[in-house]
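J.: Here you go, one structure.
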Amino acid sequence: MQRMRSLLSGVWVDGQGRGATLLNPATEESVAESSSHGLDLASGLAFARVEGGAALRALTFAERGKLLAELARRIHEHRDELIELAMTNGGNTRSDAKFDIDGAMGTLAHYAELGAGLGDVRILPDGDSLQLGRAPRLAGRHVFVPRRGVALLINAFNFPAWGLGEKAATALLAGMPVLCKPATSTAVVAHRLVELFQDALPPGAIGITGDLEHALPGLLEAGDVIAFTGSSKTGARLRVLPNVIHNAVRLGVEADSLNSAILGADVEAGSDTYELFINDVSREIRQKTGQKCTAIRRVFVPDAVRSRVREDLVERLSGVVVGNPFADGVQMGPLATAQQHRDVLAGIARLSEHANVVLGGTCRPVGVPEGKGYFVPVTLLDAPDATAAVLHDLEVFGPVATLLAAPADSESLCALVARGGGGLVCSMYTDDRKLAGELVMGLAPHHGRLVIGSQKIAGQALGPGTVMPQLLHGGPGRAGGGEELGGLRGLAFYSQHTALQGDRALLDALVKA
Ligand code: NAP
């Protein structure tokens, strides 16, 4: 069995004892072991700050962009191997694994291009010089410089490649070294990525450890940052760590979200916009076995088409073949862990106290030993009362979504959607500009991203579940309040924003150096 080691202070080291055992969630066979017990994490952090930080800051944006291009190239070179690891340790189907791994590669490549575009400079300007006095000579200018610390990248189990890739791309381009802490249960892919990346980067620029004791956040100092993705519960724990509070350790939280899809009252069944809606909802329920922070959980539909929507979704989803991702014809794999399995089954039971299960129940997974694996079927519910609290509060992190009646007036609709408490993404399907405008104004304050599906883009829409590096990822409230990606905006988190005051010519020359 594979033994995963930690990369700390530029060397691969093994923890004491057996540590955690990682499984194949389809068969429950052991895949790897990981231990971080007894490792000198504080020295690992110090090495990253001192050695990795200095080496990255010595490079220009264009040079750091070249490093990212090389990381993307290495993923491409090892793509098949990485896909197989994701299928084995994550329960991903081949297509789900590609979604994760190609997402990491594409995001790194995007930031490589942004680095090339910034050129051979080390300071990132924020806007132009501003005249401060009567004469034009006295000026001010805002800039971003790399923070003097280490970026701790804590990721959730569902995107071991993309989660690491998107955080590392922005941090490294900004000039901060990274220490990766993948979720233990699916860490094999992240671990392999760091093995592939290590000698493409300066010593200390990247490290990885299992941190089974969750000790790393408590060791951070002023200048360090935590980029966290996971549950709101863990995010809340990090926010109140004394050192995070007292040292102003910057914390970004990407957490849960009860994402919604809304079908506009103007959309006729069978139209292009309607088909786009059905395609998106059925993909989002099933892809990655519903273990996507951006998956649609609440589906708001006008009463007039509700039974048609229900029939169409049931028709699309009832034939989904569930089983071992390595078996022929399997379209949906298992949940990632036994705990996930328990949580999702309990979540479906709670939802079904307030909604009727129109698709779901039990499933007979193919290609697995009898009784093994963490499988659930695609589950669609239909709630007679759209106001029941649990429908807006409980994130069931699996292939589960609920149909709800959309109030006819957009104000009440927005108020109902907003009961999710802040989300990552909401998609609306309408060709009515007035309605789109009302929904944008009503829902943007509660979401990090809004997707407007319409007839004009029906053939080329990406779907709400795909996070693009050009656009912000994150959301207010329950979703954590974090912001990631968004092109160059993503660099701000890993940079100090500083206002410079002085001679205009000098300031302008400094940002070009
Ligand atoms: P989780 O239990 O919060 O774990 C997330 C990460 O935090 C893991 O690496 C975990 O390590 C670590 N961790 C757990 N407790 C910790 C502590 N006390 N201190 C420091 N680190 C700690 O979440 P999960 O079950 O892996 O992920 C599912 C959740 O993530 C869902 O709610 C989903 O909505 C959310 N999610 C959000 C996004 C987004 O971008 N907003 C993306 C994906 C997932 P161990 O694995 O070693 O315990």
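Residue numbering restarts at 1 in every chain; chains get A, B, ... in the order shown in the structure tokens, and ligands count up from 1 in that same order.
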Dump the neighbourhood of ligand 1 as a PDB file with N, CA, C and O atoms, in the first residue's frame: all residues within 8 Å, distances computed on only C-alpha atoms and all ligand atoms.
T.:
```pdb
ATOM      1  N   ILE A 154      -5.995  24.942   2.651  1.00  0.00           N
ATOM      2  CA  ILE A 154      -6.761  23.815   3.208  1.00  0.00           C
ATOM      3  C   ILE A 154      -7.908  23.515   2.254  1.00  0.00           C
ATOM      4  O   ILE A 154      -8.728  24.396   1.975  1.00  0.00           O
ATOM      5  N   ASN A 155      -7.964  22.289   1.772  1.00  0.00           N
ATOM      6  CA  ASN A 155      -8.993  21.965   0.779  1.00  0.00           C
ATOM      7  C   ASN A 155      -9.956  20.879   1.227  1.00  0.00           C
ATOM      8  O   ASN A 155      -9.652  20.079   2.101  1.00  0.00           O
ATOM      9  N   ALA A 156     -11.135  20.876   0.573  1.00  0.00           N
ATOM     10  CA  ALA A 156     -12.173  19.878   0.850  1.00  0.00           C
ATOM     11  C   ALA A 156     -11.884  18.613   0.035  1.00  0.00           C
ATOM     12  O   ALA A 156     -11.045  18.616  -0.871  1.00  0.00           O
ATOM     13  N   PHE A 157     -12.627  17.555   0.342  1.00  0.00           N
ATOM     14  CA  PHE A 157     -12.324  16.252  -0.272  1.00  0.00           C
ATOM     15  C   PHE A 157     -12.759  16.154  -1.732  1.00  0.00           C
ATOM     16  O   PHE A 157     -12.328  15.271  -2.456  1.00  0.00           O
ATOM     17  N   ASN A 158     -13.636  17.051  -2.173  1.00  0.00           N
ATOM     18  CA  ASN A 158     -14.304  16.795  -3.450  1.00  0.00           C
ATOM     19  C   ASN A 158     -13.502  17.216  -4.681  1.00  0.00           C
ATOM     20  O   ASN A 158     -13.719  16.691  -5.760  1.00  0.00           O
ATOM     21  N   PHE A 159     -12.592  18.189  -4.528  1.00  0.00           N
ATOM     22  CA  PHE A 159     -11.777  18.612  -5.672  1.00  0.00           C
ATOM     23  C   PHE A 159     -10.292  18.637  -5.289  1.00  0.00           C
ATOM     24  O   PHE A 159      -9.697  19.706  -5.169  1.00  0.00           O
ATOM     25  N   GLY A 163      -8.947  22.171  -6.468  1.00  0.00           N
ATOM     26  CA  GLY A 163      -8.841  22.979  -5.244  1.00  0.00           C
ATOM     27  C   GLY A 163      -7.405  23.408  -4.999  1.00  0.00           C
ATOM     28  O   GLY A 163      -7.121  24.570  -4.690  1.00  0.00           O
ATOM     29  N   LYS A 181      -2.714  21.520   2.383  1.00  0.00           N
ATOM     30  CA  LYS A 181      -3.297  20.585   3.357  1.00  0.00           C
ATOM     31  C   LYS A 181      -4.578  20.047   2.711  1.00  0.00           C
ATOM     32  O   LYS A 181      -5.665  20.627   2.853  1.00  0.00           O
ATOM     33  N   PRO A 182      -4.442  18.955   1.940  1.00  0.00           N
ATOM     34  CA  PRO A 182      -5.644  18.389   1.305  1.00  0.00           C
ATOM     35  C   PRO A 182      -6.502  17.685   2.345  1.00  0.00           C
ATOM     36  O   PRO A 182      -6.026  17.345   3.425  1.00  0.00           O
ATOM     37  N   ALA A 183      -7.778  17.470   2.002  1.00  0.00           N
ATOM     38  CA  ALA A 183      -8.620  16.645   2.874  1.00  0.00           C
ATOM     39  C   ALA A 183      -8.018  15.245   2.900  1.00  0.00           C
ATOM     40  O   ALA A 183      -7.603  14.707   1.861  1.00  0.00           O
ATOM     41  N   THR A 184      -7.969  14.649   4.064  1.00  0.00           N
ATOM     42  CA  THR A 184      -7.267  13.370   4.222  1.00  0.00           C
ATOM     43  C   THR A 184      -7.852  12.272   3.333  1.00  0.00           C
ATOM     44  O   THR A 184      -7.107  11.541   2.671  1.00  0.00           O
ATOM     45  N   SER A 185      -9.195  12.191   3.274  1.00  0.00           N
ATOM     46  CA  SER A 185      -9.819  11.024   2.641  1.00  0.00           C
ATOM     47  C   SER A 185      -9.471  10.860   1.165  1.00  0.00           C
ATOM     48  O   SER A 185      -9.417   9.746   0.666  1.00  0.00           O
ATOM     49  N   GLY A 210      -0.419  16.105   5.589  1.00  0.00           N
ATOM     50  CA  GLY A 210      -1.758  15.673   5.958  1.00  0.00           C
ATOM     51  C   GLY A 210      -2.296  16.443   7.149  1.00  0.00           C
ATOM     52  O   GLY A 210      -3.496  16.633   7.283  1.00  0.00           O
ATOM     53  N   ASP A 211      -1.409  16.898   8.040  1.00  0.00           N
ATOM     54  CA  ASP A 211      -1.804  17.631   9.247  1.00  0.00           C
ATOM     55  C   ASP A 211      -3.028  16.994   9.903  1.00  0.00           C
ATOM     56  O   ASP A 211      -4.059  17.641  10.097  1.00  0.00           O
ATOM     57  N   LEU A 212      -2.884  15.718  10.254  1.00  0.00           N
ATOM     58  CA  LEU A 212      -4.033  14.990  10.798  1.00  0.00           C
ATOM     59  C   LEU A 212      -4.542  15.602  12.104  1.00  0.00           C
ATOM     60  O   LEU A 212      -5.708  15.453  12.455  1.00  0.00           O
ATOM     61  N   GLU A 213      -3.662  16.288  12.820  1.00  0.00           N
ATOM     62  CA  GLU A 213      -4.078  16.902  14.107  1.00  0.00           C
ATOM     63  C   GLU A 213      -4.706  18.274  13.909  1.00  0.00           C
ATOM     64  O   GLU A 213      -5.098  18.924  14.872  1.00  0.00           O
ATOM     65  N   HIS A 214      -4.747  18.768  12.670  1.00  0.00           N
ATOM     66  CA  HIS A 214      -5.253  20.120  12.383  1.00  0.00           C
ATOM     67  C   HIS A 214      -4.514  21.170  13.210  1.00  0.00           C
ATOM     68  O   HIS A 214      -5.115  22.105  13.760  1.00  0.00           O
ATOM     69  N   ALA A 215      -3.188  21.016  13.250  1.00  0.00           N
ATOM     70  CA  ALA A 215      -2.375  21.922  14.072  1.00  0.00           C
ATOM     71  C   ALA A 215      -1.884  23.141  13.304  1.00  0.00           C
ATOM     72  O   ALA A 215      -1.549  24.165  13.904  1.00  0.00           O
ATOM     73  N   LEU A 216      -1.821  23.039  11.982  1.00  0.00           N
ATOM     74  CA  LEU A 216      -1.178  24.111  11.200  1.00  0.00           C
ATOM     75  C   LEU A 216      -1.813  25.491  11.391  1.00  0.00           C
ATOM     76  O   LEU A 216      -1.086  26.473  11.602  1.00  0.00           O
ATOM     77  N   PRO A 217      -3.155  25.602  11.336  1.00  0.00           N
ATOM     78  CA  PRO A 217      -3.713  26.957  11.447  1.00  0.00           C
ATOM     79  C   PRO A 217      -3.283  27.674  12.726  1.00  0.00           C
ATOM     80  O   PRO A 217      -3.073  28.891  12.722  1.00  0.00           O
ATOM     81  N   PHE A 228      -9.122  28.593   2.866  1.00  0.00           N
ATOM     82  CA  PHE A 228      -9.835  27.396   3.321  1.00  0.00           C
ATOM     83  C   PHE A 228     -11.042  27.093   2.449  1.00  0.00           C
ATOM     84  O   PHE A 228     -11.840  27.990   2.130  1.00  0.00           O
ATOM     85  N   THR A 229     -11.215  25.837   2.091  1.00  0.00           N
ATOM     86  CA  THR A 229     -12.450  25.364   1.468  1.00  0.00           C
ATOM     87  C   THR A 229     -12.941  24.164   2.264  1.00  0.00           C
ATOM     88  O   THR A 229     -12.176  23.220   2.497  1.00  0.00           O
ATOM     89  N   GLY A 230     -14.187  24.206   2.666  1.00  0.00           N
ATOM     90  CA  GLY A 230     -14.752  23.090   3.419  1.00  0.00           C
ATOM     91  C   GLY A 230     -16.075  23.504   4.014  1.00  0.00           C
ATOM     92  O   GLY A 230     -16.756  24.382   3.489  1.00  0.00           O
ATOM     93  N   SER A 231     -16.410  22.882   5.129  1.00  0.00           N
ATOM     94  CA  SER A 231     -17.730  23.146   5.723  1.00  0.00           C
ATOM     95  C   SER A 231     -17.729  24.466   6.490  1.00  0.00           C
ATOM     96  O   SER A 231     -16.682  24.919   6.964  1.00  0.00           O
ATOM     97  N   SER A 232     -18.912  25.038   6.640  1.00  0.00           N
ATOM     98  CA  SER A 232     -19.044  26.278   7.431  1.00  0.00           C
ATOM     99  C   SER A 232     -18.579  26.035   8.860  1.00  0.00           C
ATOM    100  O   SER A 232     -18.027  26.933   9.499  1.00  0.00           O
ATOM    101  N   LYS A 233     -18.814  24.816   9.338  1.00  0.00           N
ATOM    102  CA  LYS A 233     -18.463  24.494  10.727  1.00  0.00           C
ATOM    103  C   LYS A 233     -16.951  24.634  10.940  1.00  0.00           C
ATOM    104  O   LYS A 233     -16.503  25.280  11.886  1.00  0.00           O
ATOM    105  N   THR A 234     -16.177  24.047  10.028  1.00  0.00           N
ATOM    106  CA  THR A 234     -14.724  24.154  10.166  1.00  0.00           C
ATOM    107  C   THR A 234     -14.284  25.601   9.933  1.00  0.00           C
ATOM    108  O   THR A 234     -13.403  26.104  10.637  1.00  0.00           O
ATOM    109  N   GLY A 235     -14.908  26.256   8.960  1.00  0.00           N
ATOM    110  CA  GLY A 235     -14.578  27.667   8.700  1.00  0.00           C
ATOM    111  C   GLY A 235     -14.773  28.499   9.956  1.00  0.00           C
ATOM    112  O   GLY A 235     -13.937  29.342  10.307  1.00  0.00           O
ATOM    113  N   ARG A 237     -14.594  27.516  13.030  1.00  0.00           N
ATOM    114  CA  ARG A 237     -13.538  27.191  14.006  1.00  0.00           C
ATOM    115  C   ARG A 237     -12.268  27.980  13.706  1.00  0.00           C
ATOM    116  O   ARG A 237     -11.583  28.445  14.608  1.00  0.00           O
ATOM    117  N   LEU A 238     -11.953  28.083  12.427  1.00  0.00           N
ATOM    118  CA  LEU A 238     -10.717  28.792  12.046  1.00  0.00           C
ATOM    119  C   LEU A 238     -10.809  30.277  12.387  1.00  0.00           C
ATOM    120  O   LEU A 238      -9.833  30.887  12.803  1.00  0.00           O
ATOM    121  N   VAL A 253     -12.637  32.011   3.420  1.00  0.00           N
ATOM    122  CA  VAL A 253     -13.470  30.817   3.636  1.00  0.00           C
ATOM    123  C   VAL A 253     -14.393  30.604   2.443  1.00  0.00           C
ATOM    124  O   VAL A 253     -15.175  31.486   2.078  1.00  0.00           O
ATOM    125  N   GLU A 254     -14.264  29.425   1.852  1.00  0.00           N
ATOM    126  CA  GLU A 254     -15.185  28.972   0.795  1.00  0.00           C
ATOM    127  C   GLU A 254     -15.947  27.807   1.388  1.00  0.00           C
ATOM    128  O   GLU A 254     -15.379  26.739   1.587  1.00  0.00           O
ATOM    129  N   ALA A 255     -17.218  28.019   1.701  1.00  0.00           N
ATOM    130  CA  ALA A 255     -17.934  26.982   2.469  1.00  0.00           C
ATOM    131  C   ALA A 255     -19.188  26.501   1.742  1.00  0.00           C
ATOM    132  O   ALA A 255     -19.228  26.479   0.518  1.00  0.00           O
ATOM    133  N   ASP A 256     -20.182  26.109   2.526  1.00  0.00           N
ATOM    134  CA  ASP A 256     -21.366  25.451   1.956  1.00  0.00           C
ATOM    135  C   ASP A 256     -22.259  26.429   1.199  1.00  0.00           C
ATOM    136  O   ASP A 256     -22.145  27.628   1.368  1.00  0.00           O
ATOM    137  N   SER A 257     -23.198  25.860   0.480  1.00  0.00           N
ATOM    138  CA  SER A 257     -24.108  26.714  -0.268  1.00  0.00           C
ATOM    139  C   SER A 257     -25.290  25.891  -0.757  1.00  0.00           C
ATOM    140  O   SER A 257     -25.096  24.787  -1.274  1.00  0.00           O
ATOM    141  N   GLN A 291     -21.320  15.966  -5.295  1.00  0.00           N
ATOM    142  CA  GLN A 291     -20.382  16.504  -4.294  1.00  0.00           C
ATOM    143  C   GLN A 291     -19.632  17.700  -4.873  1.00  0.00           C
ATOM    144  O   GLN A 291     -18.415  17.678  -5.042  1.00  0.00           O
ATOM    145  N   LYS A 292     -20.395  18.696  -5.212  1.00  0.00           N
ATOM    146  CA  LYS A 292     -19.836  19.939  -5.760  1.00  0.00           C
ATOM    147  C   LYS A 292     -20.422  21.079  -4.952  1.00  0.00           C
ATOM    148  O   LYS A 292     -21.644  21.133  -4.760  1.00  0.00           O
ATOM    149  N   CYS A 293     -19.557  21.983  -4.515  1.00  0.00           N
ATOM    150  CA  CYS A 293     -20.061  23.116  -3.731  1.00  0.00           C
ATOM    151  C   CYS A 293     -21.000  23.966  -4.563  1.00  0.00           C
ATOM    152  O   CYS A 293     -21.825  24.688  -4.020  1.00  0.00           O
ATOM    153  N   THR A 294     -20.903  23.871  -5.890  1.00  0.00           N
ATOM    154  CA  THR A 294     -21.723  24.685  -6.780  1.00  0.00           C
ATOM    155  C   THR A 294     -22.947  23.927  -7.308  1.00  0.00           C
ATOM    156  O   THR A 294     -23.684  24.457  -8.144  1.00  0.00           O
ATOM    157  N   GLN A 340     -19.619  10.610   4.635  1.00  0.00           N
ATOM    158  CA  GLN A 340     -20.453  11.262   3.632  1.00  0.00           C
ATOM    159  C   GLN A 340     -21.722  10.443   3.370  1.00  0.00           C
ATOM    160  O   GLN A 340     -22.805  10.979   3.238  1.00  0.00           O
ATOM    161  N   GLU A 395     -27.730  21.541   3.657  1.00  0.00           N
ATOM    162  CA  GLU A 395     -27.000  21.192   2.438  1.00  0.00           C
ATOM    163  C   GLU A 395     -26.743  19.690   2.461  1.00  0.00           C
ATOM    164  O   GLU A 395     -25.960  19.213   3.281  1.00  0.00           O
ATOM    165  N   PHE A 397     -24.902  17.011   0.762  1.00  0.00           N
ATOM    166  CA  PHE A 397     -23.763  17.071  -0.167  1.00  0.00           C
ATOM    167  C   PHE A 397     -23.650  15.760  -0.959  1.00  0.00           C
ATOM    168  O   PHE A 397     -22.707  14.985  -0.800  1.00  0.00           O
ATOM    169  N   LEU A 424     -23.021  30.380  -3.319  1.00  0.00           N
ATOM    170  CA  LEU A 424     -21.945  30.526  -4.311  1.00  0.00           C
ATOM    171  C   LEU A 424     -22.503  30.926  -5.663  1.00  0.00           C
ATOM    172  O   LEU A 424     -21.952  31.776  -6.348  1.00  0.00           O
ATOM    173  N   HIS A 473     -15.034  33.317  -7.570  1.00  0.00           N
ATOM    174  CA  HIS A 473     -15.647  32.147  -6.939  1.00  0.00           C
ATOM    175  C   HIS A 473     -15.704  32.423  -5.438  1.00  0.00           C
ATOM    176  O   HIS A 473     -14.694  32.772  -4.830  1.00  0.00           O
ATOM    177  N   GLY A 474     -16.875  32.246  -4.863  1.00  0.00           N
ATOM    178  CA  GLY A 474     -17.066  32.505  -3.433  1.00  0.00           C
ATOM    179  C   GLY A 474     -18.471  33.013  -3.256  1.00  0.00           C
ATOM    180  O   GLY A 474     -19.233  33.111  -4.216  1.00  0.00           O
ATOM    181  N   GLY A 475     -18.828  33.323  -2.050  1.00  0.00           N
ATOM    182  CA  GLY A 475     -20.171  33.849  -1.834  1.00  0.00           C
ATOM    183  C   GLY A 475     -20.298  34.377  -0.421  1.00  0.00           C
ATOM    184  O   GLY A 475     -19.517  34.011   0.454  1.00  0.00           O
ATOM    185  N   ALA A 479     -21.900  30.871   2.661  1.00  0.00           N
ATOM    186  CA  ALA A 479     -20.870  30.402   1.717  1.00  0.00           C
ATOM    187  C   ALA A 479     -19.469  30.815   2.156  1.00  0.00           C
ATOM    188  O   ALA A 479     -18.483  30.435   1.514  1.00  0.00           O
ATOM    189  N   GLY A 480     -19.361  31.584   3.225  1.00  0.00           N
ATOM    190  CA  GLY A 480     -18.058  31.846   3.813  1.00  0.00           C
ATOM    191  C   GLY A 480     -17.570  33.271   3.687  1.00  0.00           C
ATOM    192  O   GLY A 480     -16.690  33.707   4.423  1.00  0.00           O
TER     193      GLY A 480
END
```
J.: Which polymer residues have any atom within 10 Å of an atom of Asp409 in chain A, counting only C-alpha atoms, with same-chain residues fewer than 2 positions away left out, as a VMD selection string?
T.: chain A and resid 265 406 to 407 411 to 414 435 438
J.: Could the residues in this selection be written to a file with all heavy atoms, as a short mmCIF file (atom, residue, chain, number, x, y, z; two decimals), in the first residue's frame?
T.:
```
data_model
loop_
_atom_site.label_atom_id
_atom_site.label_comp_id
_atom_site.auth_asym_id
_atom_site.auth_seq_id
_atom_site.Cartn_x
_atom_site.Cartn_y
_atom_site.Cartn_z
N ALA A 265 -41.01 32.40 -15.49
CA ALA A 265 -42.40 32.11 -15.88
C ALA A 265 -42.60 32.30 -17.38
O ALA A 265 -43.56 31.79 -17.95
CB ALA A 265 -43.34 33.02 -15.09
N ALA A 406 -42.03 28.28 -7.46
CA ALA A 406 -41.47 29.64 -7.55
C ALA A 406 -42.62 30.64 -7.40
O ALA A 406 -43.56 30.61 -8.20
CB ALA A 406 -40.79 29.84 -8.89
N PRO A 407 -42.58 31.53 -6.39
CA PRO A 407 -43.63 32.55 -6.30
C PRO A 407 -43.68 33.37 -7.58
O PRO A 407 -42.66 33.59 -8.24
CB PRO A 407 -43.17 33.41 -5.12
CG PRO A 407 -42.25 32.55 -4.33
CD PRO A 407 -41.59 31.63 -5.32
N GLU A 411 -40.12 39.62 -6.22
CA GLU A 411 -39.66 40.00 -4.88
C GLU A 411 -39.80 38.83 -3.90
O GLU A 411 -38.87 38.52 -3.15
CB GLU A 411 -40.48 41.20 -4.40
CG GLU A 411 -39.70 42.07 -3.44
CD GLU A 411 -40.49 43.29 -3.05
OE1 GLU A 411 -41.03 43.95 -3.95
OE2 GLU A 411 -40.58 43.55 -1.83
N SER A 412 -40.96 38.17 -3.95
CA SER A 412 -41.15 37.01 -3.05
C SER A 412 -40.21 35.87 -3.44
O SER A 412 -39.68 35.16 -2.58
CB SER A 412 -42.59 36.50 -3.12
OG SER A 412 -43.48 37.53 -2.93
N LEU A 413 -39.99 35.72 -4.75
CA LEU A 413 -39.07 34.67 -5.21
C LEU A 413 -37.66 34.93 -4.67
O LEU A 413 -37.01 34.02 -4.12
CB LEU A 413 -39.08 34.63 -6.75
CG LEU A 413 -38.09 33.70 -7.43
CD1 LEU A 413 -38.27 32.26 -6.97
CD2 LEU A 413 -38.27 33.76 -8.95
N CYS A 414 -37.20 36.15 -4.81
CA CYS A 414 -35.85 36.48 -4.32
C CYS A 414 -35.76 36.28 -2.81
O CYS A 414 -34.76 35.77 -2.30
CB CYS A 414 -35.49 37.93 -4.66
SG CYS A 414 -35.26 38.18 -6.42
N LEU A 435 -37.49 40.59 -16.08
CA LEU A 435 -37.37 39.61 -14.99
C LEU A 435 -35.89 39.40 -14.64
O LEU A 435 -35.52 39.36 -13.46
CB LEU A 435 -38.02 38.29 -15.41
CG LEU A 435 -37.89 37.14 -14.40
CD1 LEU A 435 -38.60 37.48 -13.10
CD2 LEU A 435 -38.44 35.83 -14.96
N GLU A 438 -34.71 42.20 -12.49
CA GLU A 438 -35.24 42.14 -11.12
C GLU A 438 -34.53 41.04 -10.30
O GLU A 438 -34.19 41.24 -9.14
CB GLU A 438 -36.75 41.85 -11.16
CG GLU A 438 -37.56 43.04 -11.63
CD GLU A 438 -39.01 42.69 -11.99
OE1 GLU A 438 -39.42 41.51 -11.81
OE2 GLU A 438 -39.71 43.59 -12.47
#
```
J.: Neighbours of Ala444 in chain A within 10 Å (only C-alpha atoms; same-chain residues fewer than 2 positions away dropped), as a short mmCIF file (atom, residue, chain, number, x, y, z; two decimals) with N, CA, C and O atoms, in the first residue's frame?
T.:
```cif
data_model
loop_
_atom_site.label_atom_id
_atom_site.label_comp_id
_atom_site.auth_asym_id
_atom_site.auth_seq_id
_atom_site.Cartn_x
_atom_site.Cartn_y
_atom_site.Cartn_z
N CYS A 414 -37.20 36.15 -4.81
CA CYS A 414 -35.85 36.48 -4.32
C CYS A 414 -35.76 36.28 -2.81
O CYS A 414 -34.76 35.77 -2.30
N ALA A 418 -33.20 33.77 -1.04
CA ALA A 418 -32.25 34.35 -0.08
C ALA A 418 -32.28 33.63 1.26
O ALA A 418 -31.35 33.78 2.07
N GLY A 422 -27.03 32.96 1.81
CA GLY A 422 -25.79 33.35 1.12
C GLY A 422 -25.24 32.16 0.37
O GLY A 422 -25.04 31.10 0.96
N GLY A 423 -25.05 32.32 -0.95
CA GLY A 423 -24.66 31.16 -1.75
C GLY A 423 -23.55 31.46 -2.75
O GLY A 423 -23.22 32.62 -3.00
N VAL A 425 -23.59 30.27 -6.07
CA VAL A 425 -24.09 30.50 -7.42
C VAL A 425 -25.60 30.28 -7.48
O VAL A 425 -26.14 29.41 -6.80
N CYS A 426 -26.24 31.11 -8.29
CA CYS A 426 -27.67 30.92 -8.56
C CYS A 426 -27.82 31.04 -10.07
O CYS A 426 -27.26 31.96 -10.69
N LEU A 439 -34.28 39.92 -10.96
CA LEU A 439 -33.62 38.82 -10.25
C LEU A 439 -32.17 39.17 -9.94
O LEU A 439 -31.66 38.85 -8.86
N VAL A 440 -31.50 39.84 -10.87
CA VAL A 440 -30.10 40.22 -10.61
C VAL A 440 -30.04 41.18 -9.42
O VAL A 440 -29.24 40.98 -8.49
N MET A 441 -30.89 42.18 -9.40
CA MET A 441 -30.86 43.13 -8.29
C MET A 441 -31.25 42.44 -6.97
O MET A 441 -30.70 42.74 -5.91
N GLY A 442 -32.20 41.53 -7.06
CA GLY A 442 -32.68 40.88 -5.83
C GLY A 442 -31.74 39.80 -5.32
O GLY A 442 -31.67 39.56 -4.11
N HIS A 446 -26.84 38.28 -2.46
CA HIS A 446 -26.81 37.02 -1.71
C HIS A 446 -25.92 35.96 -2.38
O HIS A 446 -25.86 34.83 -1.89
N HIS A 447 -25.29 36.30 -3.48
CA HIS A 447 -24.53 35.29 -4.22
C HIS A 447 -23.21 35.84 -4.76
O HIS A 447 -23.11 37.02 -5.08
N GLY A 448 -22.26 34.92 -4.92
CA GLY A 448 -20.99 35.30 -5.53
C GLY A 448 -21.07 35.30 -7.05
O GLY A 448 -20.29 35.97 -7.73
N ARG A 449 -22.00 34.51 -7.61
CA ARG A 449 -22.08 34.43 -9.08
C ARG A 449 -23.53 34.16 -9.47
O ARG A 449 -24.23 33.38 -8.82
N LEU A 450 -23.96 34.82 -10.53
CA LEU A 450 -25.29 34.59 -11.09
C LEU A 450 -25.11 34.14 -12.54
O LEU A 450 -24.34 34.76 -13.29
N GLY A 475 -18.83 33.32 -2.05
CA GLY A 475 -20.17 33.85 -1.83
C GLY A 475 -20.30 34.38 -0.42
O GLY A 475 -19.52 34.01 0.45
N PRO A 476 -21.30 35.22 -0.19
CA PRO A 476 -21.46 35.84 1.13
C PRO A 476 -22.12 34.88 2.13
O PRO A 476 -22.58 33.80 1.77
#
```
J.: Smallest atom-to-atom distance to Ser129 in chain A: which of A:Met87, A:Glu113, A:His142, A:Glu221, using only C-alpha atoms?
T.: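 Under the stated criterion, the closest residue is A:His142.
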J.: Can you work out which one of A:Leu404, A:Val320, A:Leu59, A:Val330 has the shortest atom-to-atom distance to His354 in chain A, counting only C-alpha atoms?
T.: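 Closest residue, counting only C-alpha atoms: A:Leu404.
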J.: What's the 7 Å shell around range 489-501 of chain A, counting only C-alpha atoms, without same-chain residues fewer than 2 positions away, as a tab-separated table (two decimals) with C-alpha atoms, in the first residue's frame?
T.:
```tsv
chain	number	residue	atom	x	y	z
A	139	ALA	CA	0.76	61.88	-6.43
A	140	GLY	CA	-0.58	58.74	-4.85
A	141	ARG	CA	-0.79	55.26	-6.25
A	142	HIS	CA	-2.14	51.96	-4.94
A	143	VAL	CA	-0.09	48.84	-5.41
A	144	PHE	CA	-0.10	45.16	-4.48
A	145	VAL	CA	3.09	43.49	-3.21
A	146	PRO	CA	3.51	39.84	-2.08
A	147	ARG	CA	2.73	39.24	1.59
A	170	THR	CA	-3.14	32.62	-7.52
A	171	ALA	CA	-0.80	32.43	-4.53
A	174	ALA	CA	1.18	36.75	-6.39
A	176	MET	CA	3.57	33.69	-1.89
A	484	GLU	CA	-11.17	33.40	-5.08
A	485	LEU	CA	-10.08	33.59	-8.72
A	486	GLY	CA	-11.65	36.37	-10.82
A	487	GLY	CA	-8.49	36.73	-12.93
```
J.: Nearest residue to Leu82 in chain A out of A:Gly10, A:Pro160, A:Pro302, A:Gly482, using only C-alpha atoms?
T.: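 Residue with the minimum atom-to-atom distance to Leu82 in chain A: A:Pro160.
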J.: Which polymer residues have any atom within 8 Å of an atom of Asn356 in chain A, counting only C-alpha atoms, with same-chain residues fewer than 3 positions away left out, as JSON, numbers by chain?
T.: {"A": [352, 353, 381, 382, 383, 384]}
J.: Can you tell me, as a list in words, what residues are no more than 8 Å from Gly361 in chain A when counting only C-alpha atoms, ignoring any on the same chain fewer than 2 positions away?
T.: Val357, Leu359, Cys363, Pro377 and Thr379 of chain A
J.: Pick out each residue of range 245-313 of chain A that DSSP on the backbone tags as helix (DSSP H, G or I); I need them as a PyMOL selection string.
T.: chain A and resi 245-246+272-290+303-313
